[in-house]
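Each remark here refers to the structure printed beneath this line.
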Amino acid sequence: MKIAVLPGDGIGTEIVAEAVKVLQVLDLQFEMETADVGGVAYDRHGHPLPEATLKLAKEADAVLFGAVGDWKYDKLERQFRPEQAILGLRRNLGLFANFRPAICYEQLTHASSLKPELVSGLDILIIRELTGDIYFGQPRGRRASPDGAFAGAEEAFDTMRYTRPEIERIAHVAFQAARKRSKRVTSVDKANVLETFQFWKDVVTEVGQQYPDVKLDHMYVDNAAMQLVKQPKAFDVVVTGNMFGDILSDEAAMLTGSIGMLPSASLNASSQGLYEPSHGSAPDIAGKGIANPLATILSAAMMLRFSLNQPHAADRIESAVKDVLAQGLRTADIWSEGTRKVGTREMGDAVVAAITKKTITKS
Ligand code: IPM
Ligand code: MG
C-alpha cells in the first residue's frame, strides 16, 4: 500500500504530521512518500502541482492531503495559485466523487451555532460531483461582450455543463451510499432556472429507477441552503453538482460546530482516492501548534476504509477519536468551559495513546 503524503501550506504540515503518526501505530505496512504541493511547491519548484508530485499521486493507492493556500499567493496568475494544485489532482486522477460527511459528535453539540436539539445526532453525507460543472467547463475567460445591453463592454464568463455519464456515475455513487444508510437521497439542483440542472434532475431520476428501495427527492439549492439550517436532520444523503456541493458542504460542516472535525474523501472509478480535511490551510494560525488535527486523522480513517481496504483499522481510529473527545480533550476551535484545551501535537498523541491502549487491553 502506497500513500502519497502532501501536507501543503499553512496548518497542512502540522495536521498531516499527526495523521501520519496515527497511521504509524496501526501495525500495517505502508509505504509513505511526501511531496510538495500548493504554495510551498510554487515557491520551491515554480508550480503548485509539480510533475513529480502529480506522478507520485498517480502511482499511489491513496493521497493524504493537508491544505493549500495563503493570502500571499492571491496576486499570482490563476494557473500558479495554490488552489490549482487541488483542482489539478482532481482532474488528473479523475476524482469525481467527493464524500463530505457532516457528523455532530455528541460532546460537541453545544459548539454548533444552531440550537442543540436541531443538531444533536446529526449525520448527513454530502456527495459532491467534483470534476465537472462550472469549475471545469469550457469555454471560459474574458472578452468584449458579444451582445446584450452592454455589448462591447469587458466581460468574464464560465460555462456550466454536465454530460449524461458524469451525472449517471455520481448518481450511482449516491444511491449505493444510501443503501448502506437510511436509503434516502436528496438531489439538489436549480432545475427551475438552469438547463444543466434540469438535465441533472432528469438523469438522477432515471438512475433512481434502478434503486426502487431508495427514496429519492429533489430540492432547489436555495431551499436546500435554507432547510440545512432549519431542519438539518431531515437530510441523509445529499447529492449535488460541483459548485452547489462546494457551498452546501461548508454550510453543513458548520452545523456540526467545527469544520476542524470533518474529513473528506475524493474517489475515482478505481477507488483510488484523495483524503483531506474539509477545512482549509488557515494561515492565520499556522505554525502555532493549535490547529485541530482530528479532521485529518479522520480523513486517514476514510482512506483506510475506501482506498486501502482496512475497515478494521479505520474503526480503530474513529473510536480513538471518540475516546479523546470523551476524555474532555479539545483544541481551541472546539474548546468550551469545563474541557481541557490541548494543542495539535497533544491531540495527536492522545489519539495514538487511545489506539495503543486498546491494543494492549485486547492482547
Ligand atoms: C473545497 C475548496 C476548493 C473548491 C478550492 C480550494 C478550490 O473550497 O474543496 O471545497 O472550491 O472545491
Ligand atoms: Mg469549498
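Please note that chains go A, B, ... in the order of the C-alpha cells, that every chain numbers its residues from 1, and that ligands are numbered from 1 in the order shown.
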
Give the residue list for ligand 1 at 7 Å, counting only C-alpha atoms and all ligand atoms, as an mmCIF file with C-alpha atoms, in the first residue's frame, sorted by chain and then by residue number.
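The result, stored in part-v6.cif:
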```cif
data_model
loop_
_atom_site.group_PDB
_atom_site.id
_atom_site.type_symbol
_atom_site.label_atom_id
_atom_site.label_comp_id
_atom_site.auth_asym_id
_atom_site.auth_seq_id
_atom_site.Cartn_x
_atom_site.Cartn_y
_atom_site.Cartn_z
ATOM 1 C CA GLU A 83 -5.862 26.051 -5.360
ATOM 2 C CA GLN A 84 -4.847 24.884 -8.830
ATOM 3 C CA ILE A 86 -6.129 20.507 -5.729
ATOM 4 C CA LEU A 87 -8.125 21.144 -8.902
ATOM 5 C CA ASP A 246 -18.846 23.341 -2.554
ATOM 6 C CA SER A 278 -12.822 19.746 4.878
#
```

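For range 35-73 of chain A, a DSSP pass over the backbone yields alpha helix (DSSP H) at Gly39, Val40, Ala41, Tyr42, Asp43, Arg44, His45, Glu51, Ala52, Thr53, Leu54, Lys55, Leu56, Ala57, Lys58 and Glu59 of chain A.
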
Selection file, N, CA, C and O atoms, as a PDB file, in the first residue's frame:
```pdb
ATOM      1  N   GLY A  39       1.210  26.326  -2.369  1.00  0.00           N
ATOM      2  CA  GLY A  39       2.075  27.498  -2.378  1.00  0.00           C
ATOM      3  C   GLY A  39       3.529  27.139  -2.135  1.00  0.00           C
ATOM      4  O   GLY A  39       4.440  27.673  -2.789  1.00  0.00           O
ATOM      5  N   VAL A  40       3.744  26.212  -1.223  1.00  0.00           N
ATOM      6  CA  VAL A  40       5.113  25.818  -0.898  1.00  0.00           C
ATOM      7  C   VAL A  40       5.772  25.183  -2.133  1.00  0.00           C
ATOM      8  O   VAL A  40       6.969  25.378  -2.400  1.00  0.00           O
ATOM      9  N   ALA A  41       5.005  24.481  -2.928  1.00  0.00           N
ATOM     10  CA  ALA A  41       5.533  23.875  -4.160  1.00  0.00           C
ATOM     11  C   ALA A  41       5.828  24.957  -5.192  1.00  0.00           C
ATOM     12  O   ALA A  41       6.820  24.890  -5.926  1.00  0.00           O
ATOM     13  N   TYR A  42       4.980  25.976  -5.220  1.00  0.00           N
ATOM     14  CA  TYR A  42       5.243  27.090  -6.140  1.00  0.00           C
ATOM     15  C   TYR A  42       6.558  27.772  -5.754  1.00  0.00           C
ATOM     16  O   TYR A  42       7.399  28.056  -6.608  1.00  0.00           O
ATOM     17  N   ASP A  43       6.725  28.014  -4.456  1.00  0.00           N
ATOM     18  CA  ASP A  43       7.961  28.667  -4.004  1.00  0.00           C
ATOM     19  C   ASP A  43       9.199  27.840  -4.339  1.00  0.00           C
ATOM     20  O   ASP A  43      10.211  28.365  -4.760  1.00  0.00           O
ATOM     21  N   ARG A  44       9.109  26.538  -4.161  1.00  0.00           N
ATOM     22  CA  ARG A  44      10.301  25.696  -4.347  1.00  0.00           C
ATOM     23  C   ARG A  44      10.519  25.234  -5.782  1.00  0.00           C
ATOM     24  O   ARG A  44      11.647  24.997  -6.184  1.00  0.00           O
ATOM     25  N   HIS A  45       9.393  25.019  -6.512  1.00  0.00           N
ATOM     26  CA  HIS A  45       9.551  24.420  -7.852  1.00  0.00           C
ATOM     27  C   HIS A  45       8.893  25.232  -8.954  1.00  0.00           C
ATOM     28  O   HIS A  45       8.843  24.792 -10.097  1.00  0.00           O
ATOM     29  N   GLU A  51       5.345  18.284 -11.561  1.00  0.00           N
ATOM     30  CA  GLU A  51       5.291  16.974 -12.235  1.00  0.00           C
ATOM     31  C   GLU A  51       5.523  15.814 -11.271  1.00  0.00           C
ATOM     32  O   GLU A  51       4.789  14.828 -11.264  1.00  0.00           O
ATOM     33  N   ALA A  52       6.574  15.947 -10.447  1.00  0.00           N
ATOM     34  CA  ALA A  52       6.961  14.848  -9.559  1.00  0.00           C
ATOM     35  C   ALA A  52       5.858  14.551  -8.546  1.00  0.00           C
ATOM     36  O   ALA A  52       5.603  13.390  -8.215  1.00  0.00           O
ATOM     37  N   THR A  53       5.174  15.595  -8.083  1.00  0.00           N
ATOM     38  CA  THR A  53       4.097  15.409  -7.112  1.00  0.00           C
ATOM     39  C   THR A  53       2.917  14.702  -7.774  1.00  0.00           C
ATOM     40  O   THR A  53       2.338  13.766  -7.219  1.00  0.00           O
ATOM     41  N   LEU A  54       2.584  15.137  -8.984  1.00  0.00           N
ATOM     42  CA  LEU A  54       1.484  14.521  -9.710  1.00  0.00           C
ATOM     43  C   LEU A  54       1.793  13.051 -10.001  1.00  0.00           C
ATOM     44  O   LEU A  54       0.929  12.173  -9.847  1.00  0.00           O
ATOM     45  N   LYS A  55       3.032  12.780 -10.379  1.00  0.00           N
ATOM     46  CA  LYS A  55       3.430  11.401 -10.689  1.00  0.00           C
ATOM     47  C   LYS A  55       3.287  10.531  -9.432  1.00  0.00           C
ATOM     48  O   LYS A  55       2.729   9.432  -9.490  1.00  0.00           O
ATOM     49  N   LEU A  56       3.767  11.035  -8.312  1.00  0.00           N
ATOM     50  CA  LEU A  56       3.659  10.294  -7.049  1.00  0.00           C
ATOM     51  C   LEU A  56       2.187  10.024  -6.705  1.00  0.00           C
ATOM     52  O   LEU A  56       1.817   8.903  -6.331  1.00  0.00           O
ATOM     53  N   ALA A  57       1.354  11.050  -6.863  1.00  0.00           N
ATOM     54  CA  ALA A  57      -0.071  10.895  -6.539  1.00  0.00           C
ATOM     55  C   ALA A  57      -0.713   9.840  -7.428  1.00  0.00           C
ATOM     56  O   ALA A  57      -1.524   9.027  -6.975  1.00  0.00           O
ATOM     57  N   LYS A  58      -0.346   9.839  -8.708  1.00  0.00           N
ATOM     58  CA  LYS A  58      -0.929   8.868  -9.650  1.00  0.00           C
ATOM     59  C   LYS A  58      -0.517   7.444  -9.314  1.00  0.00           C
ATOM     60  O   LYS A  58      -1.302   6.510  -9.456  1.00  0.00           O
ATOM     61  N   GLU A  59       0.725   7.287  -8.886  1.00  0.00           N
ATOM     62  CA  GLU A  59       1.237   5.936  -8.585  1.00  0.00           C
ATOM     63  C   GLU A  59       0.700   5.377  -7.277  1.00  0.00           C
ATOM     64  O   GLU A  59       0.652   4.172  -7.084  1.00  0.00           O
TER      65      GLU A  59
END
```

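Pairwise distance (CA of Ser299 in chain A, CA of Glu117 in chain A) equals 27.0 Å.
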
Using only C-alpha atoms, which protein or nucleic acid residues come within 12 Å of Gln327 in chain A? Drop anything in the same chain fewer than 2 positions from it, and give the result as a compact mmCIF listing (two decimals) with all heavy atoms, in the first residue's frame.
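Dumped to selection-v1.txt:
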```
# COMPACT_ATOMS: atom_id res chain seq x y z
N GLN A 107 -20.43 15.15 22.13
CA GLN A 107 -19.81 16.10 23.07
C GLN A 107 -19.71 17.51 22.50
O GLN A 107 -19.37 18.45 23.21
CB GLN A 107 -18.40 15.65 23.47
CG GLN A 107 -18.35 14.39 24.28
CD GLN A 107 -18.15 13.16 23.38
OE1 GLN A 107 -18.26 13.25 22.17
NE2 GLN A 107 -17.87 12.02 23.98
N ALA A 320 -10.95 5.79 18.56
CA ALA A 320 -9.97 6.53 19.37
C ALA A 320 -10.31 8.02 19.41
O ALA A 320 -10.17 8.68 20.44
CB ALA A 320 -8.56 6.31 18.81
N VAL A 321 -10.80 8.55 18.30
CA VAL A 321 -11.19 9.97 18.27
C VAL A 321 -12.35 10.21 19.24
O VAL A 321 -12.36 11.18 20.00
CB VAL A 321 -11.55 10.43 16.83
CG1 VAL A 321 -12.25 11.78 16.83
CG2 VAL A 321 -10.29 10.48 15.97
N LYS A 322 -13.31 9.29 19.23
CA LYS A 322 -14.43 9.43 20.18
C LYS A 322 -13.91 9.35 21.61
O LYS A 322 -14.37 10.11 22.49
CB LYS A 322 -15.48 8.35 19.93
CG LYS A 322 -16.28 8.64 18.68
CD LYS A 322 -17.43 7.68 18.48
CE LYS A 322 -18.09 7.94 17.14
NZ LYS A 322 -18.41 6.73 16.40
N ASP A 323 -12.95 8.48 21.85
CA ASP A 323 -12.37 8.36 23.20
C ASP A 323 -11.75 9.68 23.66
O ASP A 323 -11.97 10.10 24.79
CB ASP A 323 -11.28 7.28 23.23
CG ASP A 323 -11.88 5.88 23.17
OD1 ASP A 323 -13.12 5.76 23.22
OD2 ASP A 323 -11.10 4.91 23.06
N VAL A 324 -10.95 10.30 22.81
CA VAL A 324 -10.27 11.52 23.28
C VAL A 324 -11.29 12.64 23.52
O VAL A 324 -11.12 13.46 24.42
CB VAL A 324 -9.14 12.01 22.34
CG1 VAL A 324 -8.08 10.94 22.17
CG2 VAL A 324 -9.65 12.46 21.00
N LEU A 325 -12.36 12.65 22.73
CA LEU A 325 -13.40 13.65 22.99
C LEU A 325 -14.07 13.35 24.34
O LEU A 325 -14.33 14.26 25.13
CB LEU A 325 -14.45 13.66 21.87
CG LEU A 325 -13.98 14.19 20.51
CD1 LEU A 325 -15.10 14.05 19.49
CD2 LEU A 325 -13.51 15.64 20.59
N LEU A 329 -10.66 16.21 25.97
CA LEU A 329 -9.61 16.96 25.31
C LEU A 329 -10.19 17.75 24.13
O LEU A 329 -10.97 17.22 23.35
CB LEU A 329 -8.52 16.01 24.79
CG LEU A 329 -7.86 15.09 25.81
CD1 LEU A 329 -6.65 14.40 25.21
CD2 LEU A 329 -7.44 15.89 27.04
N ARG A 330 -9.77 19.02 24.02
CA ARG A 330 -10.30 19.87 22.96
C ARG A 330 -9.21 20.80 22.44
O ARG A 330 -8.51 21.44 23.24
CB ARG A 330 -11.43 20.78 23.49
CG ARG A 330 -12.61 20.08 24.16
CD ARG A 330 -13.57 19.48 23.14
NE ARG A 330 -14.76 18.97 23.78
CZ ARG A 330 -14.87 17.75 24.32
NH1 ARG A 330 -13.85 16.91 24.26
NH2 ARG A 330 -15.99 17.38 24.90
N GLY A 338 -14.93 23.84 31.05
CA GLY A 338 -15.02 22.51 31.65
C GLY A 338 -14.28 21.43 30.87
O GLY A 338 -14.22 20.28 31.29
N THR A 339 -13.72 21.78 29.72
CA THR A 339 -12.92 20.80 28.97
C THR A 339 -11.46 21.25 28.98
O THR A 339 -11.17 22.38 29.34
CB THR A 339 -13.41 20.66 27.51
OG1 THR A 339 -13.28 21.93 26.86
CG2 THR A 339 -14.86 20.22 27.45
N ARG A 340 -10.56 20.35 28.56
CA ARG A 340 -9.14 20.69 28.63
C ARG A 340 -8.60 21.08 27.26
O ARG A 340 -8.68 20.31 26.30
CB ARG A 340 -8.34 19.50 29.17
CG ARG A 340 -6.90 19.86 29.46
CD ARG A 340 -6.31 18.93 30.49
NE ARG A 340 -5.90 17.66 29.93
CZ ARG A 340 -4.75 17.49 29.28
NH1 ARG A 340 -3.92 18.49 29.09
NH2 ARG A 340 -4.43 16.30 28.81
N LYS A 341 -8.05 22.28 27.19
CA LYS A 341 -7.54 22.77 25.92
C LYS A 341 -6.17 22.17 25.62
O LYS A 341 -5.28 22.22 26.46
CB LYS A 341 -7.44 24.29 25.94
CG LYS A 341 -7.29 24.87 24.53
CD LYS A 341 -7.14 26.37 24.53
CE LYS A 341 -8.45 27.10 24.72
NZ LYS A 341 -8.30 28.56 24.68
N VAL A 342 -6.04 21.56 24.45
CA VAL A 342 -4.75 20.98 24.05
C VAL A 342 -4.34 21.51 22.68
O VAL A 342 -5.17 22.03 21.93
CB VAL A 342 -4.81 19.43 24.00
CG1 VAL A 342 -5.10 18.83 25.37
CG2 VAL A 342 -5.85 18.97 22.97
N MET A 347 -3.11 16.57 20.92
CA MET A 347 -4.31 15.89 20.44
C MET A 347 -3.92 14.63 19.65
O MET A 347 -4.49 13.56 19.84
CB MET A 347 -5.13 16.85 19.57
CG MET A 347 -6.48 16.33 19.18
SD MET A 347 -7.52 15.89 20.62
CE MET A 347 -8.78 17.14 20.53
N ALA A 350 -2.79 11.98 21.97
CA ALA A 350 -3.90 11.37 22.71
C ALA A 350 -4.61 10.32 21.85
O ALA A 350 -5.01 9.26 22.34
CB ALA A 350 -4.89 12.46 23.15
N VAL A 351 -4.74 10.59 20.55
CA VAL A 351 -5.36 9.60 19.66
C VAL A 351 -4.48 8.36 19.58
O VAL A 351 -4.95 7.22 19.69
CB VAL A 351 -5.62 10.20 18.25
CG1 VAL A 351 -6.14 9.14 17.30
CG2 VAL A 351 -6.61 11.37 18.33
N ALA A 353 -2.40 7.34 21.82
CA ALA A 353 -2.49 6.64 23.11
C ALA A 353 -3.78 5.84 23.19
O ALA A 353 -3.79 4.70 23.66
CB ALA A 353 -2.41 7.65 24.25
N ALA A 354 -4.87 6.42 22.71
CA ALA A 354 -6.16 5.71 22.77
C ALA A 354 -6.12 4.46 21.90
O ALA A 354 -6.68 3.42 22.26
CB ALA A 354 -7.28 6.64 22.32
```

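Restricting the atom set to only C-alpha atoms and all ligand atoms, one finds that the residues within 10 Å of ligand 2 amount to Asn242, Met243, Phe244, Gly245, Asp246, Ile247, Leu248, Ser249, Asp250, Glu251, Ser278, His279 and Gly280 of chain A.
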
Which neighbours of Lys115 in chain A fall inside 12 Å, counting only C-alpha atoms, when residues of the same chain fewer than 4 positions from it are skipped, and could you give them as a ChimeraX atom specification?
/A:108-111,119-120,229-232,255-257

May I have the residues from that selection written out with C-alpha atoms, as a CSV table (one decimal), in the first residue's frame?
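Done, and the output landed in out-v9.csv:
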```csv
chain,number,residue,atom,x,y,z
A,108,LEU,CA,-19.7,19.0,20.6
A,109,THR,CA,-23.4,19.6,20.2
A,110,HIS,CA,-23.1,22.9,22.1
A,111,ALA,CA,-20.4,24.1,19.7
A,119,VAL,CA,-28.1,19.2,15.5
A,120,SER,CA,-27.8,16.6,18.2
A,229,VAL,CA,-30.3,25.5,8.9
A,230,LYS,CA,-34.0,24.9,9.5
A,231,GLN,CA,-34.2,21.2,10.0
A,232,PRO,CA,-30.8,19.7,9.1
A,255,LEU,CA,-23.8,22.9,11.6
A,256,THR,CA,-21.6,20.5,13.5
A,257,GLY,CA,-19.8,23.2,15.4
```

Can you tell me, as an mmCIF file with all heavy atoms, in the first residue's frame, which residues in range 232-361 of chain A count as strand (DSSP E) by DSSP?
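Generated file (out_12.cif):
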```cif
data_model
loop_
_atom_site.group_PDB
_atom_site.id
_atom_site.type_symbol
_atom_site.label_atom_id
_atom_site.label_comp_id
_atom_site.auth_asym_id
_atom_site.auth_seq_id
_atom_site.Cartn_x
_atom_site.Cartn_y
_atom_site.Cartn_z
ATOM 1 N N VAL A 237 -28.524 11.378 2.703
ATOM 2 C CA VAL A 237 -27.536 11.551 1.638
ATOM 3 C C VAL A 237 -27.998 12.691 0.734
ATOM 4 O O VAL A 237 -29.146 12.720 0.300
ATOM 5 C CB VAL A 237 -27.370 10.255 0.813
ATOM 6 C CG1 VAL A 237 -26.484 10.510 -0.405
ATOM 7 C CG2 VAL A 237 -26.783 9.145 1.677
ATOM 8 N N VAL A 238 -27.115 13.628 0.500
ATOM 9 C CA VAL A 238 -27.396 14.735 -0.413
ATOM 10 C C VAL A 238 -26.448 14.586 -1.595
ATOM 11 O O VAL A 238 -25.245 14.445 -1.397
ATOM 12 C CB VAL A 238 -27.147 16.094 0.282
ATOM 13 C CG1 VAL A 238 -27.289 17.242 -0.710
ATOM 14 C CG2 VAL A 238 -28.087 16.282 1.466
ATOM 15 N N VAL A 239 -26.970 14.585 -2.812
ATOM 16 C CA VAL A 239 -26.080 14.530 -3.979
ATOM 17 C C VAL A 239 -26.287 15.792 -4.790
ATOM 18 O O VAL A 239 -27.410 16.236 -5.006
ATOM 19 C CB VAL A 239 -26.316 13.249 -4.819
ATOM 20 C CG1 VAL A 239 -27.710 13.192 -5.434
ATOM 21 C CG2 VAL A 239 -25.249 13.135 -5.923
ATOM 22 N N THR A 240 -25.181 16.387 -5.217
ATOM 23 C CA THR A 240 -25.311 17.622 -5.984
ATOM 24 C C THR A 240 -24.066 17.873 -6.831
ATOM 25 O O THR A 240 -23.086 17.137 -6.761
ATOM 26 C CB THR A 240 -25.635 18.814 -5.036
ATOM 27 O OG1 THR A 240 -25.987 19.952 -5.834
ATOM 28 C CG2 THR A 240 -24.470 19.155 -4.138
ATOM 29 N N PRO A 263 -13.732 15.187 7.979
ATOM 30 C CA PRO A 263 -12.854 14.636 6.954
ATOM 31 C C PRO A 263 -13.535 14.680 5.590
ATOM 32 O O PRO A 263 -14.729 14.971 5.496
ATOM 33 C CB PRO A 263 -12.713 13.178 7.392
ATOM 34 C CG PRO A 263 -14.040 12.856 8.014
ATOM 35 C CD PRO A 263 -14.518 14.136 8.643
ATOM 36 N N SER A 264 -12.803 14.367 4.541
ATOM 37 C CA SER A 264 -13.454 14.183 3.252
ATOM 38 C C SER A 264 -12.650 13.229 2.398
ATOM 39 O O SER A 264 -11.450 13.022 2.623
ATOM 40 C CB SER A 264 -13.652 15.516 2.530
ATOM 41 O OG SER A 264 -12.476 15.908 1.875
ATOM 42 N N ALA A 265 -13.351 12.615 1.451
ATOM 43 C CA ALA A 265 -12.729 11.659 0.538
ATOM 44 C C ALA A 265 -13.137 12.019 -0.873
ATOM 45 O O ALA A 265 -14.283 12.376 -1.110
ATOM 46 C CB ALA A 265 -13.219 10.250 0.869
ATOM 47 N N SER A 266 -12.189 11.937 -1.790
ATOM 48 C CA SER A 266 -12.494 12.154 -3.206
ATOM 49 C C SER A 266 -11.999 10.942 -3.978
ATOM 50 O O SER A 266 -10.799 10.661 -3.989
ATOM 51 C CB SER A 266 -11.780 13.400 -3.722
ATOM 52 O OG SER A 266 -12.097 14.510 -2.907
ATOM 53 N N LEU A 267 -12.941 10.240 -4.598
ATOM 54 C CA LEU A 267 -12.596 8.946 -5.203
ATOM 55 C C LEU A 267 -12.752 8.937 -6.713
ATOM 56 O O LEU A 267 -13.606 9.632 -7.258
ATOM 57 C CB LEU A 267 -13.517 7.861 -4.644
ATOM 58 C CG LEU A 267 -13.427 7.586 -3.149
ATOM 59 C CD1 LEU A 267 -14.497 6.605 -2.724
ATOM 60 C CD2 LEU A 267 -12.053 7.038 -2.811
ATOM 61 N N GLY A 273 -7.992 7.305 -4.111
ATOM 62 C CA GLY A 273 -8.651 8.460 -3.518
ATOM 63 C C GLY A 273 -7.706 9.487 -2.939
ATOM 64 O O GLY A 273 -6.543 9.203 -2.648
ATOM 65 N N LEU A 274 -8.242 10.680 -2.793
ATOM 66 C CA LEU A 274 -7.528 11.742 -2.113
ATOM 67 C C LEU A 274 -8.322 12.073 -0.850
ATOM 68 O O LEU A 274 -9.533 12.251 -0.895
ATOM 69 C CB LEU A 274 -7.412 12.959 -3.032
ATOM 70 C CG LEU A 274 -6.660 14.172 -2.475
ATOM 71 C CD1 LEU A 274 -5.885 14.861 -3.595
ATOM 72 C CD2 LEU A 274 -7.575 15.175 -1.805
ATOM 73 N N TYR A 275 -7.620 12.158 0.269
ATOM 74 C CA TYR A 275 -8.257 12.332 1.574
ATOM 75 C C TYR A 275 -7.730 13.597 2.209
ATOM 76 O O TYR A 275 -6.523 13.778 2.336
ATOM 77 C CB TYR A 275 -7.974 11.093 2.432
ATOM 78 C CG TYR A 275 -8.553 9.868 1.754
ATOM 79 C CD1 TYR A 275 -7.844 9.211 0.751
ATOM 80 C CD2 TYR A 275 -9.843 9.461 2.045
ATOM 81 C CE1 TYR A 275 -8.409 8.146 0.067
ATOM 82 C CE2 TYR A 275 -10.412 8.389 1.367
ATOM 83 C CZ TYR A 275 -9.690 7.733 0.383
ATOM 84 O OH TYR A 275 -10.263 6.696 -0.311
ATOM 85 N N GLU A 276 -8.648 14.456 2.570
ATOM 86 C CA GLU A 276 -8.222 15.745 3.123
ATOM 87 C C GLU A 276 -9.264 16.240 4.118
ATOM 88 O O GLU A 276 -10.441 15.899 4.022
ATOM 89 C CB GLU A 276 -8.050 16.783 2.005
ATOM 90 C CG GLU A 276 -9.310 16.971 1.189
ATOM 91 C CD GLU A 276 -9.238 18.081 0.135
ATOM 92 O OE1 GLU A 276 -8.519 19.066 0.335
ATOM 93 O OE2 GLU A 276 -9.950 17.954 -0.871
ATOM 94 N N PRO A 277 -8.825 17.055 5.071
ATOM 95 C CA PRO A 277 -9.814 17.667 5.957
ATOM 96 C C PRO A 277 -10.694 18.600 5.143
ATOM 97 O O PRO A 277 -10.268 19.121 4.115
ATOM 98 C CB PRO A 277 -8.952 18.459 6.939
ATOM 99 C CG PRO A 277 -7.665 18.726 6.214
ATOM 100 C CD PRO A 277 -7.458 17.532 5.336
ATOM 101 N N LEU A 329 -10.665 16.208 25.975
ATOM 102 C CA LEU A 329 -9.606 16.965 25.305
ATOM 103 C C LEU A 329 -10.185 17.752 24.132
ATOM 104 O O LEU A 329 -10.966 17.220 23.353
ATOM 105 C CB LEU A 329 -8.518 16.012 24.788
ATOM 106 C CG LEU A 329 -7.861 15.093 25.814
ATOM 107 C CD1 LEU A 329 -6.651 14.404 25.209
ATOM 108 C CD2 LEU A 329 -7.437 15.887 27.043
ATOM 109 N N ARG A 330 -9.770 19.019 24.021
ATOM 110 C CA ARG A 330 -10.304 19.874 22.961
ATOM 111 C C ARG A 330 -9.211 20.804 22.438
ATOM 112 O O ARG A 330 -8.511 21.437 23.240
ATOM 113 C CB ARG A 330 -11.428 20.782 23.491
ATOM 114 C CG ARG A 330 -12.606 20.077 24.155
ATOM 115 C CD ARG A 330 -13.565 19.475 23.135
ATOM 116 N NE ARG A 330 -14.759 18.967 23.784
ATOM 117 C CZ ARG A 330 -14.867 17.745 24.320
ATOM 118 N NH1 ARG A 330 -13.847 16.910 24.263
ATOM 119 N NH2 ARG A 330 -15.991 17.377 24.896
ATOM 120 N N ARG A 340 -10.559 20.349 28.560
ATOM 121 C CA ARG A 340 -9.138 20.686 28.626
ATOM 122 C C ARG A 340 -8.596 21.080 27.258
ATOM 123 O O ARG A 340 -8.679 20.309 26.305
ATOM 124 C CB ARG A 340 -8.341 19.499 29.165
ATOM 125 C CG ARG A 340 -6.897 19.865 29.463
ATOM 126 C CD ARG A 340 -6.309 18.932 30.488
ATOM 127 N NE ARG A 340 -5.898 17.660 29.926
ATOM 128 C CZ ARG A 340 -4.752 17.491 29.279
ATOM 129 N NH1 ARG A 340 -3.915 18.486 29.090
ATOM 130 N NH2 ARG A 340 -4.434 16.302 28.805
ATOM 131 N N LYS A 341 -8.054 22.285 27.195
ATOM 132 C CA LYS A 341 -7.543 22.772 25.917
ATOM 133 C C LYS A 341 -6.174 22.165 25.616
ATOM 134 O O LYS A 341 -5.281 22.218 26.457
ATOM 135 C CB LYS A 341 -7.441 24.294 25.936
ATOM 136 C CG LYS A 341 -7.287 24.870 24.530
ATOM 137 C CD LYS A 341 -7.141 26.374 24.531
ATOM 138 C CE LYS A 341 -8.450 27.097 24.716
ATOM 139 N NZ LYS A 341 -8.295 28.556 24.684
#
```

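Taking CA of Ala153 in chain A and CA of Gln138 in chain A as endpoints, the distance between them is 21.0 Å.
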
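Minimum distance to Gly8 in chain A across A:Glu206, A:Asp36, A:Glu155, A:Asp333 (counting only C-alpha atoms) occurs at A:Asp36.
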